[in-house]
$ cat my_file.pdb   # PDB, C-alpha atoms and all ligand atoms
ATOM      1  CA  MET A  26    -130.069 -55.755 104.435
ATOM      2  CA  SER A  27    -131.554 -55.390 100.902
ATOM      3  CA  ALA A  28    -129.148 -55.020  97.992
ATOM      4  CA  GLU A  29    -130.294 -51.505  97.020
ATOM      5  CA  ARG A  30    -129.975 -50.171 100.601
ATOM      6  CA  ALA A  31    -126.643 -51.797 101.341
ATOM      7  CA  PRO A  32    -123.835 -49.234 101.730
ATOM      8  CA  ALA A  33    -121.340 -49.463  98.885
ATOM      9  CA  ARG A  34    -118.428 -49.432 101.293
ATOM     10  CA  HIS A  35    -117.660 -52.211 103.725
ATOM     11  CA  VAL A  36    -114.823 -51.526 106.153
ATOM     12  CA  LEU A  37    -113.202 -54.460 107.932
ATOM     13  CA  ILE A  38    -111.471 -53.338 111.137
ATOM     14  CA  LEU A  39    -108.933 -55.774 112.550
ATOM     15  CA  GLY A  40    -109.481 -54.844 116.164
ATOM     16  CA  GLY A  41    -108.611 -55.550 119.764
ATOM     17  CA  THR A  42    -107.563 -52.012 120.719
ATOM     18  CA  THR A  43    -109.104 -48.816 122.054
ATOM     19  CA  GLU A  44    -108.467 -47.143 118.700
ATOM     20  CA  ALA A  45    -110.263 -49.918 116.808
ATOM     21  CA  ARG A  46    -113.313 -49.401 118.991
ATOM     22  CA  ARG A  47    -113.149 -45.633 118.550
ATOM     23  CA  LEU A  48    -112.940 -46.058 114.784
ATOM     24  CA  ALA A  49    -115.995 -48.337 114.770
ATOM     25  CA  GLU A  50    -117.852 -45.710 116.821
ATOM     26  CA  GLU A  51    -116.906 -42.967 114.342
ATOM     27  CA  LEU A  52    -117.961 -45.062 111.350
ATOM     28  CA  ALA A  53    -121.220 -46.054 113.017
ATOM     29  CA  ARG A  54    -122.261 -42.398 112.827
ATOM     30  CA  GLU A  55    -121.936 -42.425 109.031
ATOM     31  CA  THR A  56    -124.585 -44.362 107.129
ATOM     32  CA  SER A  57    -122.442 -44.746 104.014
ATOM     33  CA  TYR A  58    -120.331 -47.496 105.612
ATOM     34  CA  ARG A  59    -120.989 -51.040 106.594
ATOM     35  CA  VAL A  60    -118.513 -51.822 109.378
ATOM     36  CA  THR A  61    -117.297 -55.162 110.669
ATOM     37  CA  THR A  62    -114.837 -55.391 113.549
ATOM     38  CA  SER A  63    -112.878 -58.589 113.849
ATOM     39  CA  LEU A  64    -111.587 -59.760 117.234
ATOM     40  CA  ALA A  65    -109.183 -62.621 117.866
ATOM     41  CA  GLY A  66    -111.269 -63.980 120.741
ATOM     42  CA  ARG A  67    -108.504 -63.824 123.363
ATOM     43  CA  VAL A  68    -110.631 -61.958 125.933
ATOM     44  CA  SER A  69    -113.509 -63.889 127.524
ATOM     45  CA  SER A  70    -115.983 -60.973 127.601
ATOM     46  CA  PRO A  71    -114.793 -58.337 125.123
ATOM     47  CA  VAL A  72    -116.316 -54.862 124.986
ATOM     48  CA  LEU A  73    -118.042 -55.068 121.614
ATOM     49  CA  PRO A  74    -117.987 -51.996 119.347
ATOM     50  CA  PRO A  75    -120.996 -50.757 117.359
ATOM     51  CA  GLY A  76    -121.508 -52.287 113.927
ATOM     52  CA  GLU A  77    -121.056 -55.939 113.071
ATOM     53  CA  THR A  78    -118.510 -58.118 114.842
ATOM     54  CA  ARG A  79    -116.888 -61.431 114.093
ATOM     55  CA  ILE A  80    -114.715 -63.322 116.560
ATOM     56  CA  GLY A  81    -111.866 -65.774 115.985
ATOM     57  CA  GLY A  82    -108.983 -66.276 113.566
ATOM     58  CA  PHE A  83    -109.522 -66.309 109.814
ATOM     59  CA  GLY A  84    -107.160 -69.194 109.128
ATOM     60  CA  GLY A  85    -104.041 -67.418 107.911
ATOM     61  CA  VAL A  86    -103.549 -65.109 104.942
ATOM     62  CA  ALA A  87    -105.663 -67.217 102.587
ATOM     63  CA  GLY A  88    -108.522 -67.339 105.094
ATOM     64  CA  LEU A  89    -108.441 -63.581 105.594
ATOM     65  CA  ALA A  90    -108.280 -62.940 101.846
ATOM     66  CA  GLY A  91    -111.230 -65.289 101.330
ATOM     67  CA  TRP A  92    -113.257 -63.493 104.010
ATOM     68  CA  ILE A  93    -112.512 -60.106 102.465
ATOM     69  CA  ALA A  94    -113.520 -61.235  98.983
ATOM     70  CA  GLY A  95    -116.535 -63.203 100.192
ATOM     71  CA  HIS A  96    -118.017 -60.350 102.237
ATOM     72  CA  GLY A  97    -117.604 -57.513  99.751
ATOM     73  CA  VAL A  98    -115.017 -55.710 101.883
ATOM     74  CA  THR A  99    -113.827 -52.508 100.179
ATOM     75  CA  HIS A 100    -111.343 -51.253 102.815
ATOM     76  CA  VAL A 101    -109.311 -52.987 105.525
ATOM     77  CA  VAL A 102    -107.959 -51.157 108.563
ATOM     78  CA  ASP A 103    -105.365 -52.988 110.633
ATOM     79  CA  ALA A 104    -106.083 -51.496 114.048
ATOM     80  CA  THR A 105    -104.562 -54.372 115.998
ATOM     81  CA  HIS A 106    -102.182 -53.848 118.899
ATOM     82  CA  PRO A 107     -98.580 -52.941 117.937
ATOM     83  CA  PHE A 108     -97.485 -56.342 119.314
ATOM     84  CA  ALA A 109     -99.983 -58.326 117.198
ATOM     85  CA  GLU A 110     -97.356 -58.712 114.510
ATOM     86  CA  ARG A 111     -98.627 -61.910 112.899
ATOM     87  CA  MET A 112    -102.026 -60.401 112.175
ATOM     88  CA  SER A 113    -100.398 -57.313 110.663
ATOM     89  CA  PHE A 114     -98.344 -59.445 108.276
ATOM     90  CA  HIS A 115    -101.439 -61.455 107.385
ATOM     91  CA  ALA A 116    -103.319 -58.237 106.603
ATOM     92  CA  SER A 117    -100.508 -57.162 104.305
ATOM     93  CA  GLY A 118    -100.528 -60.569 102.595
ATOM     94  CA  ALA A 119    -104.282 -60.378 102.105
ATOM     95  CA  GLU A 120    -103.962 -56.960 100.483
ATOM     96  CA  ALA A 121    -101.517 -58.449  97.982
ATOM     97  CA  LEU A 122    -103.926 -61.310  97.220
ATOM     98  CA  THR A 123    -107.167 -59.331  96.989
ATOM     99  CA  GLY A 124    -106.117 -55.823  95.929
ATOM    100  CA  VAL A 125    -108.462 -54.433  98.614
ATOM    101  CA  PRO A 126    -106.672 -51.394 100.101
ATOM    102  CA  LEU A 127    -105.206 -51.715 103.594
ATOM    103  CA  LEU A 128    -104.365 -48.952 106.050
ATOM    104  CA  ALA A 129    -102.492 -49.664 109.286
ATOM    105  CA  LEU A 130    -103.504 -47.573 112.274
ATOM    106  CA  ARG A 131    -100.294 -47.409 114.271
ATOM    107  CA  ARG A 132    -100.287 -45.346 117.424
ATOM    108  CA  PRO A 133     -96.886 -43.783 118.109
ATOM    109  CA  GLY A 134     -94.666 -45.497 120.653
ATOM    110  CA  TRP A 135     -93.688 -43.976 123.995
ATOM    111  CA  THR A 136     -90.451 -42.064 124.471
ATOM    112  CA  PRO A 137     -88.679 -41.369 127.778
ATOM    113  CA  GLY A 138     -88.599 -37.826 129.110
ATOM    114  CA  PRO A 139     -86.567 -36.051 131.791
ATOM    115  CA  GLY A 140     -86.562 -38.022 135.032
ATOM    116  CA  ASP A 141     -87.430 -41.330 133.386
ATOM    117  CA  ASP A 142     -85.171 -44.322 134.086
ATOM    118  CA  TRP A 143     -85.948 -46.681 131.186
ATOM    119  CA  THR A 144     -84.169 -49.823 130.047
ATOM    120  CA  PHE A 145     -85.132 -51.380 126.707
ATOM    121  CA  ALA A 146     -85.476 -55.076 125.874
ATOM    122  CA  ASP A 147     -85.973 -56.561 122.418
ATOM    123  CA  SER A 148     -88.428 -59.221 123.555
ATOM    124  CA  LEU A 149     -90.200 -60.562 126.632
ATOM    125  CA  ALA A 150     -87.436 -63.181 126.975
ATOM    126  CA  ASP A 151     -84.782 -60.439 126.962
ATOM    127  CA  ALA A 152     -86.814 -58.555 129.558
ATOM    128  CA  ALA A 153     -86.860 -61.653 131.782
ATOM    129  CA  ALA A 154     -83.065 -61.925 131.506
ATOM    130  CA  VAL A 155     -82.479 -58.301 132.546
ATOM    131  CA  LEU A 156     -85.217 -58.017 135.162
ATOM    132  CA  PRO A 157     -83.443 -59.428 138.273
ATOM    133  CA  ARG A 158     -80.792 -56.706 137.961
ATOM    134  CA  LEU A 159     -83.446 -53.966 138.059
ATOM    135  CA  GLY A 160     -85.695 -54.966 140.946
ATOM    136  CA  ALA A 161     -87.318 -57.654 143.068
ATOM    137  CA  ARG A 162     -90.950 -56.478 143.297
ATOM    138  CA  VAL A 163     -92.257 -56.204 139.770
ATOM    139  CA  PHE A 164     -95.384 -54.650 138.313
ATOM    140  CA  LEU A 165     -95.746 -56.687 135.108
ATOM    141  CA  THR A 166     -98.132 -55.109 132.586
ATOM    142  CA  THR A 167     -97.220 -57.038 129.440
ATOM    143  CA  GLY A 168    -100.428 -59.080 129.457
ATOM    144  CA  ARG A 169    -101.170 -62.653 130.437
ATOM    145  CA  MET A 170     -99.728 -64.152 127.243
ATOM    146  CA  GLY A 171     -95.988 -64.758 127.473
ATOM    147  CA  LEU A 172     -95.877 -64.983 131.277
ATOM    148  CA  HIS A 173     -94.126 -68.346 130.953
ATOM    149  CA  VAL A 174     -90.863 -66.566 130.061
ATOM    150  CA  PHE A 175     -90.770 -65.175 133.633
ATOM    151  CA  ALA A 176     -91.730 -68.493 135.280
ATOM    152  CA  HIS A 177     -88.147 -69.412 136.230
ATOM    153  CA  LEU A 178     -87.667 -66.213 138.301
ATOM    154  CA  THR A 179     -88.348 -67.782 141.677
ATOM    155  CA  ASP A 180     -86.838 -64.959 143.778
ATOM    156  CA  THR A 181     -88.862 -62.208 142.137
ATOM    157  CA  TRP A 182     -92.333 -61.145 143.291
ATOM    158  CA  PHE A 183     -94.793 -60.185 140.529
ATOM    159  CA  LEU A 184     -97.954 -58.138 140.431
ATOM    160  CA  VAL A 185     -99.525 -59.115 137.092
ATOM    161  CA  ARG A 186    -102.353 -57.026 135.699
ATOM    162  CA  SER A 187    -104.465 -58.593 132.966
ATOM    163  CA  VAL A 188    -108.040 -58.686 131.682
ATOM    164  CA  ASP A 189    -108.384 -62.462 132.106
ATOM    165  CA  PRO A 190    -106.509 -64.756 134.516
ATOM    166  CA  PRO A 191    -103.150 -66.038 133.243
ATOM    167  CA  ALA A 192    -102.603 -69.746 132.625
ATOM    168  CA  ALA A 193     -99.642 -71.817 133.879
ATOM    169  CA  PRO A 194     -96.699 -71.801 133.706
ATOM    170  CA  VAL A 195     -96.395 -68.543 135.660
ATOM    171  CA  PRO A 196     -93.823 -67.271 138.193
ATOM    172  CA  PRO A 197     -94.338 -68.867 141.633
ATOM    173  CA  ARG A 198     -94.484 -65.592 143.591
ATOM    174  CA  LEU A 199     -97.380 -63.893 141.892
ATOM    175  CA  GLU A 200    -100.427 -61.790 142.610
ATOM    176  CA  VAL A 201    -102.924 -61.272 139.784
ATOM    177  CA  LEU A 202    -104.957 -58.108 139.439
ATOM    178  CA  LEU A 203    -107.821 -58.523 136.968
ATOM    179  CA  ALA A 204    -108.535 -55.162 135.375
ATOM    180  CA  ARG A 205    -109.232 -53.578 132.017
ATOM    181  CA  GLY A 206    -107.803 -50.185 131.078
ATOM    182  CA  PRO A 207    -107.811 -47.248 130.791
ATOM    183  CA  PHE A 208    -106.021 -46.643 134.092
ATOM    184  CA  GLY A 209    -105.694 -43.262 135.817
ATOM    185  CA  LEU A 210    -102.629 -41.713 137.438
ATOM    186  CA  ALA A 211    -104.066 -41.818 140.962
ATOM    187  CA  GLU A 212    -104.728 -45.556 140.834
ATOM    188  CA  GLU A 213    -101.293 -46.243 139.329
ATOM    189  CA  ARG A 214     -99.573 -44.241 142.089
ATOM    190  CA  GLU A 215    -101.575 -46.109 144.712
ATOM    191  CA  LEU A 216    -100.750 -49.525 143.200
ATOM    192  CA  LEU A 217     -97.008 -48.851 143.098
ATOM    193  CA  ALA A 218     -96.987 -47.656 146.693
ATOM    194  CA  ARG A 219     -99.286 -50.338 148.140
ATOM    195  CA  HIS A 220     -97.324 -53.197 146.611
ATOM    196  CA  ARG A 221     -93.887 -51.603 147.211
ATOM    197  CA  ILE A 222     -93.106 -52.023 143.519
ATOM    198  CA  ASP A 223     -89.468 -51.378 142.607
ATOM    199  CA  VAL A 224     -89.593 -52.005 138.831
ATOM    200  CA  LEU A 225     -92.283 -51.691 136.145
ATOM    201  CA  VAL A 226     -92.293 -53.873 133.016
ATOM    202  CA  THR A 227     -94.294 -52.771 129.990
ATOM    203  CA  LYS A 228     -94.551 -53.265 126.257
ATOM    204  CA  ASP A 229     -94.075 -50.105 124.200
ATOM    205  CA  SER A 230     -97.795 -50.083 123.512
ATOM    206  CA  GLY A 231     -98.079 -46.328 123.102
ATOM    207  CA  GLY A 232    -101.333 -44.398 123.531
ATOM    208  CA  ASP A 233    -102.924 -42.648 126.504
ATOM    209  CA  ALA A 234    -105.028 -45.455 127.954
ATOM    210  CA  THR A 235    -102.168 -47.097 129.840
ATOM    211  CA  SER A 236     -99.474 -44.395 129.935
ATOM    212  CA  PRO A 237    -100.188 -43.030 133.469
ATOM    213  CA  LYS A 238     -98.181 -45.946 134.915
ATOM    214  CA  LEU A 239     -95.083 -44.410 133.279
ATOM    215  CA  THR A 240     -95.737 -41.087 134.992
ATOM    216  CA  ALA A 241     -96.336 -42.810 138.315
ATOM    217  CA  ALA A 242     -93.058 -44.739 137.959
ATOM    218  CA  ARG A 243     -91.119 -41.557 137.144
ATOM    219  CA  GLU A 244     -92.620 -39.753 140.151
ATOM    220  CA  ALA A 245     -91.696 -42.648 142.433
ATOM    221  CA  GLY A 246     -88.167 -42.977 140.997
ATOM    222  CA  ILE A 247     -88.921 -46.529 139.815
ATOM    223  CA  PRO A 248     -87.072 -47.953 136.775
ATOM    224  CA  VAL A 249     -89.111 -49.072 133.779
ATOM    225  CA  LEU A 250     -88.219 -52.023 131.565
ATOM    226  CA  VAL A 251     -89.725 -51.372 128.119
ATOM    227  CA  VAL A 252     -90.142 -54.160 125.564
ATOM    228  CA  ARG A 253     -89.526 -52.781 122.084
ATOM    229  CA  ARG A 254     -92.120 -53.258 119.354
ATOM    230  CA  PRO A 255     -91.784 -56.127 116.905
ATOM    231  CA  ALA A 256     -91.283 -55.417 113.220
ATOM    232  CA  VAL A 257     -94.430 -54.860 111.176
ATOM    233  CA  PRO A 258     -94.768 -54.753 107.378
ATOM    234  CA  GLU A 259     -93.154 -51.483 106.358
ATOM    235  CA  HIS A 260     -94.656 -50.922 102.933
ATOM    236  CA  VAL A 261     -98.223 -50.739 104.289
ATOM    237  CA  GLU A 262     -99.756 -47.265 104.286
ATOM    238  CA  GLN A 263    -100.020 -45.959 107.841
ATOM    239  CA  ALA A 264    -102.155 -43.551 109.838
ATOM    240  CA  GLY A 265    -101.357 -42.334 113.333
ATOM    241  CA  SER A 266    -104.859 -41.585 114.546
ATOM    242  CA  VAL A 267    -108.519 -42.479 114.120
ATOM    243  CA  GLU A 268    -109.058 -39.094 112.483
ATOM    244  CA  ALA A 269    -106.393 -39.861 109.863
ATOM    245  CA  VAL A 270    -108.125 -43.170 109.093
ATOM    246  CA  MET A 271    -111.411 -41.315 108.583
ATOM    247  CA  ASP A 272    -109.647 -38.937 106.157
ATOM    248  CA  TRP A 273    -108.226 -41.916 104.232
ATOM    249  CA  LEU A 274    -111.675 -43.475 103.922
ATOM    250  CA  ARG A 275    -113.281 -40.214 102.818
ATOM    251  CA  GLN A 276    -110.723 -39.780 100.019
ATOM    252  CA  ASP A 277    -112.322 -42.677  98.132
TER     253      ASP A 277
HETATM  254  P1  LIG B   1    -101.078 -62.155 116.625
HETATM  255  O1  LIG B   1    -100.031 -62.966 117.320
HETATM  256  O2  LIG B   1    -100.648 -61.142 115.664
HETATM  257  O3  LIG B   1    -102.108 -63.106 115.861
HETATM  258  C1  LIG B   1    -102.179 -64.499 116.058
HETATM  259  C2  LIG B   1    -103.397 -65.000 115.332
HETATM  260  O4  LIG B   1    -104.595 -64.567 115.998
HETATM  261  C3  LIG B   1    -103.537 -64.471 113.924
HETATM  262  O5  LIG B   1    -102.755 -65.233 113.028
HETATM  263  C4  LIG B   1    -105.018 -64.603 113.675
HETATM  264  O6  LIG B   1    -105.386 -65.948 113.421
HETATM  265  C5  LIG B   1    -105.596 -64.262 115.041
HETATM  266  N1  LIG B   1    -105.933 -62.825 115.174
HETATM  267  C6  LIG B   1    -105.178 -61.834 115.702
HETATM  268  N2  LIG B   1    -105.845 -60.674 115.693
HETATM  269  C7  LIG B   1    -107.045 -60.941 115.131
HETATM  270  C8  LIG B   1    -108.182 -60.160 114.865
HETATM  271  N3  LIG B   1    -108.233 -58.850 115.181
HETATM  272  N4  LIG B   1    -109.247 -60.771 114.282
HETATM  273  C9  LIG B   1    -109.225 -62.093 113.968
HETATM  274  N5  LIG B   1    -108.170 -62.884 114.225
HETATM  275  C10 LIG B   1    -107.099 -62.316 114.800
HETATM  276  O7  LIG B   1    -102.032 -61.470 117.714
HETATM  277  P2  LIG B   1    -101.955 -61.463 119.319
HETATM  278  O8  LIG B   1    -100.735 -60.718 119.733
HETATM  279  O9  LIG B   1    -102.233 -62.830 119.829
HETATM  280  O10 LIG B   1    -103.192 -60.509 119.645
HETATM  281  C11 LIG B   1    -104.510 -60.989 119.493
HETATM  282  C12 LIG B   1    -105.475 -59.824 119.562
HETATM  283  O11 LIG B   1    -105.332 -59.167 120.809
HETATM  284  C13 LIG B   1    -105.243 -58.786 118.473
HETATM  285  O12 LIG B   1    -106.489 -58.513 117.881
HETATM  286  C14 LIG B   1    -104.676 -57.584 119.191
HETATM  287  O13 LIG B   1    -105.156 -56.362 118.654
HETATM  288  C15 LIG B   1    -105.166 -57.780 120.618
HETATM  289  N6  LIG B   1    -104.184 -57.308 121.614
HETATM  290  C16 LIG B   1    -102.921 -57.816 121.581
HETATM  291  C17 LIG B   1    -102.002 -57.353 122.509
HETATM  292  C18 LIG B   1    -100.586 -57.856 122.503
HETATM  293  O14 LIG B   1     -99.800 -57.393 123.354
HETATM  294  N7  LIG B   1    -100.204 -58.739 121.601
HETATM  295  C19 LIG B   1    -102.370 -56.399 123.455
HETATM  296  C20 LIG B   1    -103.679 -55.901 123.445
HETATM  297  C21 LIG B   1    -104.573 -56.365 122.519
HETATM  298  P3  LIG B   1    -105.571 -66.503 111.934
HETATM  299  O15 LIG B   1    -104.187 -66.661 111.377
HETATM  300  O16 LIG B   1    -106.301 -67.793 112.129
HETATM  301  O17 LIG B   1    -106.371 -65.492 111.172
END
$ encode --input "my_file.pdb" --output "structure tokens"
Amino acid sequence: MSAERAPARHVLILGGTTEARRLAEELARETSYRVTTSLAGRVSSPVLPPGETRIGGFGGVAGLAGWIAGHGVTHVVDATHPFAERMSFHASGAEALTGVPLLALRRPGWTPGPGDDWTFADSLADAAAVLPRLGARVFLTTGRMGLHVFAHLTDTWFLVRSVDPPAAPVPPRLEVLLARGPFGLAEERELLARHRIDVLVTKDSGGDATSPKLTAAREAGIPVLVVRRPAVPEHVEQAGSVEAVMDWLRQD
């Protein structure tokens, strides 16, 4: 890319979510932005967004700040998953070091409605402690990371859905379903019925891509164990949607 044709604005998207990909797609339509999406590299064959991509950690706050300064980044959007708390704090730290503005794209969490039977846990470990009281055939949708906290539950049967296979230690009575969202209501209903699920465990991820499981659980009268979100840096400016991020970028 020659210097005179290079867009003046370079947006770094900290990605790994549906919204991050949607944002990259939106920005790809506008020639005034250079866009780089960064992925942690957790998924073996990620769906790559348009624009440039880089994969792997930066090496902490200093590494991220160095990358931002070294690549002429003018705007950073933290579009990581609500449970990727370390990366969100690193993004905030890098803003303090570089002065390059940061916006956090934070999708709203889920809230229970009439007919929902939800129990909240503060962490995966808390969820594992409560789980045996709620059911014995579990649909576990918290991802393959952190499965070790359920490994001691030898009487509980788990259906684990994840993009890549989980690594040991895992619970002994386990079936793995490899799948990548979004998931529709019909398939969620069918899964709950076929596996005789009697409790659903989920992170409070928010968003539409994986929410049909909550509807299916309500319809079937199945309790849901919801892991609350971790704390994220509060002083960071936030947007609730891809459209709001686009507005923030256009203000400059
Ligand atoms: P995390 O605990 O917050 O981050 C751990 C380390 O992974 C970070 O310190 C950073 O390494 C690296 N990292 C995280 N996100 C990165 C990104 N977008 N680009 C480059 N490096 C990144 O994150 P996590 O919970 O393991 O999640 C990893 C990725 O998976 C995130 O991008 C997130 O959006 C996605 N994801 C997470 C979940 C979840 O439930 N946690 C669910 C769906 C998707 P360095 O310190 O070396 O920079």
$ residues_around --input "my_file.pdb" --residues "segment 242-246 of chain A" --least-positions-apart "3" --cutoff "9 Å" --atoms "all atoms listed in the file" --output "JSON, numbers by chain"
{"A": [139, 140, 141, 142, 213, 214, 217, 218, 223, 224, 225, 237, 238, 239, 249]}
$ axis_aligned_box --input "my_file.pdb" --around "ligand LIG 1 (chain B)" --padding-each-side "6 Å" --output "JSON"
{"center_x": -104.5, "center_y": -61.8, "center_z": 117.3, "size_x": 21.4, "size_y": 23.9, "size_z": 24.3}
$ residues_around --input "my_file.pdb" --residues "Leu52 of chain A" --least-positions-apart "4" --cutoff "10 Å" --atoms "only C-alpha atoms" --output "ChimeraX atom specification"
/A:36,46-48,56-60,75-76,271,274
$ residues_around --input "my_file.pdb" --residues "Arg67 of chain A" --least-positions-apart "4" --cutoff "10 Å" --atoms "only C-alpha atoms" --output "list of chain:residue names"
A:Gly41, A:Pro71, A:Ile80, A:Gly81, A:Met170, A:Val188, A:Asp189
$ atom_distance --input "my_file.pdb" --atom1 "atom C15 of ligand LIG 1 (chain B)" --atom2 "atom CA of Leu89 of chain A"
16.4 Å
$ residues_near_point --input "my_file.pdb" --point "(-108.1, -68.4, 106.4)" --cutoff "12 Å" --atoms "only C-alpha atoms" --output "list in words"
Gly81, Gly82, Phe83, Gly84, Gly85, Val86, Ala87, Gly88, Leu89, Ala90, Gly91, Trp92, Ile93, Ala94, Gly95, Met112, His115, Ala116, Gly118 and Ala119 of chain A
$ closest_residue --input "my_file.pdb" --among "A:Ala241, A:Leu172, A:Leu156, A:Leu178" --to "ligand LIG 1 (chain B)" --atoms "all atoms listed in the file"
A:Leu172
$ closest_residue --input "my_file.pdb" --among "A:Pro157, A:Leu127, A:Gly40, A:Arg34" --to "ligand LIG 1 (chain B)" --atoms "all atoms listed in the file"
A:Gly40
$ residues_around --input "my_file.pdb" --residues "segment 148-153 of chain A" --least-positions-apart "5" --cutoff "10 Å" --atoms "all atoms listed in the file" --output "JSON, numbers by chain"
{"A": [158, 167, 171, 172, 173, 174, 175, 176, 177, 178, 226, 227, 228, 250, 251, 252, 253, 254, 255]}
$ atom_distance --input "my_file.pdb" --atom1 "atom O16 of ligand LIG 1 (chain B)" --atom2 "atom CA of Ala65 of chain A"
8.2 Å
$ closest_residue --input "my_file.pdb" --among "A:Ala109, A:Thr240, A:Arg219, A:Ala53" --to "Gly138 of chain A" --atoms "all atoms listed in the file"
A:Thr240
$ resolve_selection --input "my_file.pdb" --expression "the PyMOL selection byres (((chain A and resi 202-207) around 12) and not hetatm)" --output "MDAnalysis selection string"
chainID A and resid 42:43 68 70:72 164:166 168:169 183:191 199:201 208:210 212:213 216 220 232:238
$ closest_residue --input "my_file.pdb" --among "A:Leu39, A:Val163, A:Ile247, A:Ile222" --to "Leu128 of chain A" --atoms "all atoms listed in the file"
A:Leu39
$ resolve_selection --input "my_file.pdb" --expression "the PyMOL selection byres (((chain A and resi 269) around 12) and not hetatm)" --output "ChimeraX atom specification"
/A:44,48,51,102,128-132,262-268,270-276
$ atom_distance --input "my_file.pdb" --atom1 "atom C16 of ligand LIG 1 (chain B)" --atom2 "atom CA of Leu73 of chain A"
15.4 Å
$ closest_residue --input "my_file.pdb" --among "A:Arg54, A:Arg79, A:His100, A:His106" --to "ligand LIG 1 (chain B)" --atoms "only C-alpha atoms and all ligand atoms"
A:His106
$ closest_residue --input "my_file.pdb" --among "A:Pro126, A:Pro196, A:Pro32, A:Gly160" --to "Asp277 of chain A" --atoms "only C-alpha atoms"
A:Pro126
$ resolve_selection --input "my_file.pdb" --expression "the PyMOL selection byres (((chain A and resi 37) around 6) and not hetatm)" --output "number ranges by chain"
A: 36, 38, 61-62, 101
